[in-house]
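Trainee: Sharing a structure here in structure tokens format.
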Amino acid sequence: RSTGPIQVRLTVSGSDLGFDFEGTGPQTRGAINSVPSSTLSMVYYAVRALIGTEAPNNDGCYRPVSVNLPPGTVVNPDFPAPVAVRTITLKRVIDVVFGALAQAAPDSIYAACHGQSNFTYIGGFDPLQDAYYVGFLGGPIFGGMGARPTKDGIDVTDTDLSNIYHVPVEVTE
């Protein structure tokens, strides 16, 4: 099922950044809802990508950042909500956040990335082993990074959410 819209309004006031997700679609019955900590991690990642490595990665770095995550939405679902496949939603969240930042700092933000990883977990019961199993299928599982303001993107690499996660081809085979 679709997440509905994922919307963010960015407000810049001096060194303060406000991210307001008002207008984002309601939580779903499927497991694509994102817990607030995961949604916040995408916002904080985008801020770090914007400011670079000059600032230390501590609370002071994020003090000027405020985030509104309306309750009952796909980015802040009411308990109990299924959340096990939230990376699907988080890939959309990061694209929306970077899109908002690109309007404020167009020379500093790269274009949207590959969108989603293509992997599948399968499972079942093996009567010969008298045990359950889980298997992983996929590969190449990532599409690449969006173009940067002064360079092309990077092909066949993971980005943002899982930060250069590579599975050896032997696992896929």
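All residue names refer to the structure tokens as shown: chains lettered A, B, ... in order, residues numbered from 1 in each chain, ligands numbered from 1 in order.
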Please report, as a ChimeraX atom specification, each residue of region 22-110 of chain A to which DSSP assigns strand (DSSP E or B) when run on this structure's backbone.

Mentor: /A:26,65-68,73,76

Trainee: Once you have the residues from the selection above, write them out as a PDB file, in the first residue's frame, restricted to C-alpha atoms.

Mentor:
ATOM      1  CA  PRO A  26      -1.638   8.867   7.420  1.00  0.00           C
ATOM      2  CA  VAL A  65      17.279  21.891  13.843  1.00  0.00           C
ATOM      3  CA  SER A  66      13.611  21.492  14.726  1.00  0.00           C
ATOM      4  CA  VAL A  67      11.366  18.806  13.274  1.00  0.00           C
ATOM      5  CA  ASN A  68       7.582  18.497  13.406  1.00  0.00           C
ATOM      6  CA  THR A  73       1.301   9.797   9.938  1.00  0.00           C
ATOM      7  CA  ASN A  76       5.277   9.127  13.133  1.00  0.00           C
TER       8      ASN A  76
END

Trainee: Using only C-alpha atoms, tabulate the residues of region 9-52 of chain A lying at most 8 Å from any atom of region 99-117 of chain A, each with its closest atom pair and that distance in Å to one decimal, by chain and increasing residue number, as a Markdown table.

Mentor:
| residue | atom | partner | partner_atom | distance |
| --- | --- | --- | --- | --- |
| A:Arg9 | CA | A:Ala100 | CA | 7.0 |
| A:Leu10 | CA | A:Ala100 | CA | 6.1 |
| A:Ala49 | CA | A:Ile109 | CA | 8.0 |
| A:Leu50 | CA | A:Ser108 | CA | 6.4 |

Trainee: Can I get the selected residues back with all heavy atoms, as a PDB file, in the first residue's frame?

Mentor:
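Result written to out-v6.pdb:
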ATOM      1  N   ARG A   9       8.029  21.033   4.777  1.00  0.00           N
ATOM      2  CA  ARG A   9       8.244  22.458   4.538  1.00  0.00           C
ATOM      3  C   ARG A   9       9.487  22.848   5.327  1.00  0.00           C
ATOM      4  O   ARG A   9       9.565  22.623   6.532  1.00  0.00           O
ATOM      5  CB  ARG A   9       7.061  23.284   5.009  1.00  0.00           C
ATOM      6  CG  ARG A   9       7.303  24.787   4.766  1.00  0.00           C
ATOM      7  CD  ARG A   9       6.170  25.669   5.264  1.00  0.00           C
ATOM      8  NE  ARG A   9       4.901  25.164   4.797  1.00  0.00           N
ATOM      9  CZ  ARG A   9       3.795  25.134   5.547  1.00  0.00           C
ATOM     10  NH1 ARG A   9       3.819  25.578   6.782  1.00  0.00           N
ATOM     11  NH2 ARG A   9       2.677  24.651   5.068  1.00  0.00           N
ATOM     12  N   LEU A  10      10.444  23.432   4.647  1.00  0.00           N
ATOM     13  CA  LEU A  10      11.687  23.871   5.281  1.00  0.00           C
ATOM     14  C   LEU A  10      11.608  25.365   5.548  1.00  0.00           C
ATOM     15  O   LEU A  10      11.286  26.149   4.655  1.00  0.00           O
ATOM     16  CB  LEU A  10      12.885  23.573   4.377  1.00  0.00           C
ATOM     17  CG  LEU A  10      14.233  24.155   4.792  1.00  0.00           C
ATOM     18  CD1 LEU A  10      14.681  23.592   6.134  1.00  0.00           C
ATOM     19  CD2 LEU A  10      15.271  23.901   3.708  1.00  0.00           C
ATOM     20  N   ALA A  49      25.007  16.220   5.597  1.00  0.00           N
ATOM     21  CA  ALA A  49      25.474  16.265   4.211  1.00  0.00           C
ATOM     22  C   ALA A  49      25.604  17.712   3.733  1.00  0.00           C
ATOM     23  O   ALA A  49      26.507  18.037   2.967  1.00  0.00           O
ATOM     24  CB  ALA A  49      24.519  15.484   3.309  1.00  0.00           C
ATOM     25  N   LEU A  50      24.729  18.577   4.209  1.00  0.00           N
ATOM     26  CA  LEU A  50      24.760  19.981   3.820  1.00  0.00           C
ATOM     27  C   LEU A  50      25.937  20.723   4.444  1.00  0.00           C
ATOM     28  O   LEU A  50      26.650  21.454   3.768  1.00  0.00           O
ATOM     29  CB  LEU A  50      23.450  20.670   4.221  1.00  0.00           C
ATOM     30  CG  LEU A  50      23.373  22.171   3.960  1.00  0.00           C
ATOM     31  CD1 LEU A  50      23.414  22.457   2.471  1.00  0.00           C
ATOM     32  CD2 LEU A  50      22.109  22.747   4.588  1.00  0.00           C
TER      33      LEU A  50
END

Trainee: If I take CA of Glu22 (chain A) and CA of Ala55 (chain A), how far is one from the other in Å, to one decimal?

Mentor: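 So the answer is 28.9 Å.
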
Trainee: Work out how far CA of Thr24 (chain A) is from CA of Gly4 (chain A), in Å to one decimal.

Mentor: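 Taking CA of Gly4 (chain A) as the start and CA of Thr24 (chain A) as the end point, the length is 7.2 Å.
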
Trainee: Using only C-alpha atoms, which of A:Ile88, A:Val97, A:Ile122, A:Met145 sits nearest Tyr45 (chain A)?

Mentor: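 Closest residue, counting only C-alpha atoms: A:Val97.
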
Trainee: Figure out the distance between CA of Gly18 (chain A) and CA of Arg48 (chain A), please, to one decimal in Å.

Mentor: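 Those two atoms sit 14.6 Å apart.
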
Trainee: Within 10 Å of Gly124 (chain A), counting only C-alpha atoms, which residues qualify if same-chain residues fewer than 3 places away don't, as a list in words?

Mentor: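 Listing them by chain and then by number gives Pro127, Ala131, Tyr132, Tyr133, Val134 and Gly135 of chain A.
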
Trainee: So that I have them on file, write out the residues from the current selection with N, CA and C atoms, as a compact mmCIF listing (two decimals), in the first residue's frame.

Mentor:
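What ended up in part01.txt:
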# COMPACT_ATOMS: atom_id res chain seq x y z
N PRO A 127 11.40 -29.34 5.82
CA PRO A 127 11.07 -30.55 6.58
C PRO A 127 12.26 -31.51 6.73
N ALA A 131 13.49 -27.38 10.31
CA ALA A 131 13.84 -26.03 10.77
C ALA A 131 13.31 -24.99 9.79
N TYR A 132 13.07 -23.81 10.33
CA TYR A 132 12.70 -22.67 9.49
C TYR A 132 13.96 -22.07 8.89
N TYR A 133 13.80 -21.40 7.76
CA TYR A 133 14.93 -20.75 7.12
C TYR A 133 14.50 -19.39 6.58
N VAL A 134 15.48 -18.54 6.40
CA VAL A 134 15.29 -17.25 5.75
C VAL A 134 16.42 -17.10 4.74
N GLY A 135 16.08 -16.68 3.54
CA GLY A 135 17.07 -16.48 2.50
C GLY A 135 17.00 -15.07 1.94
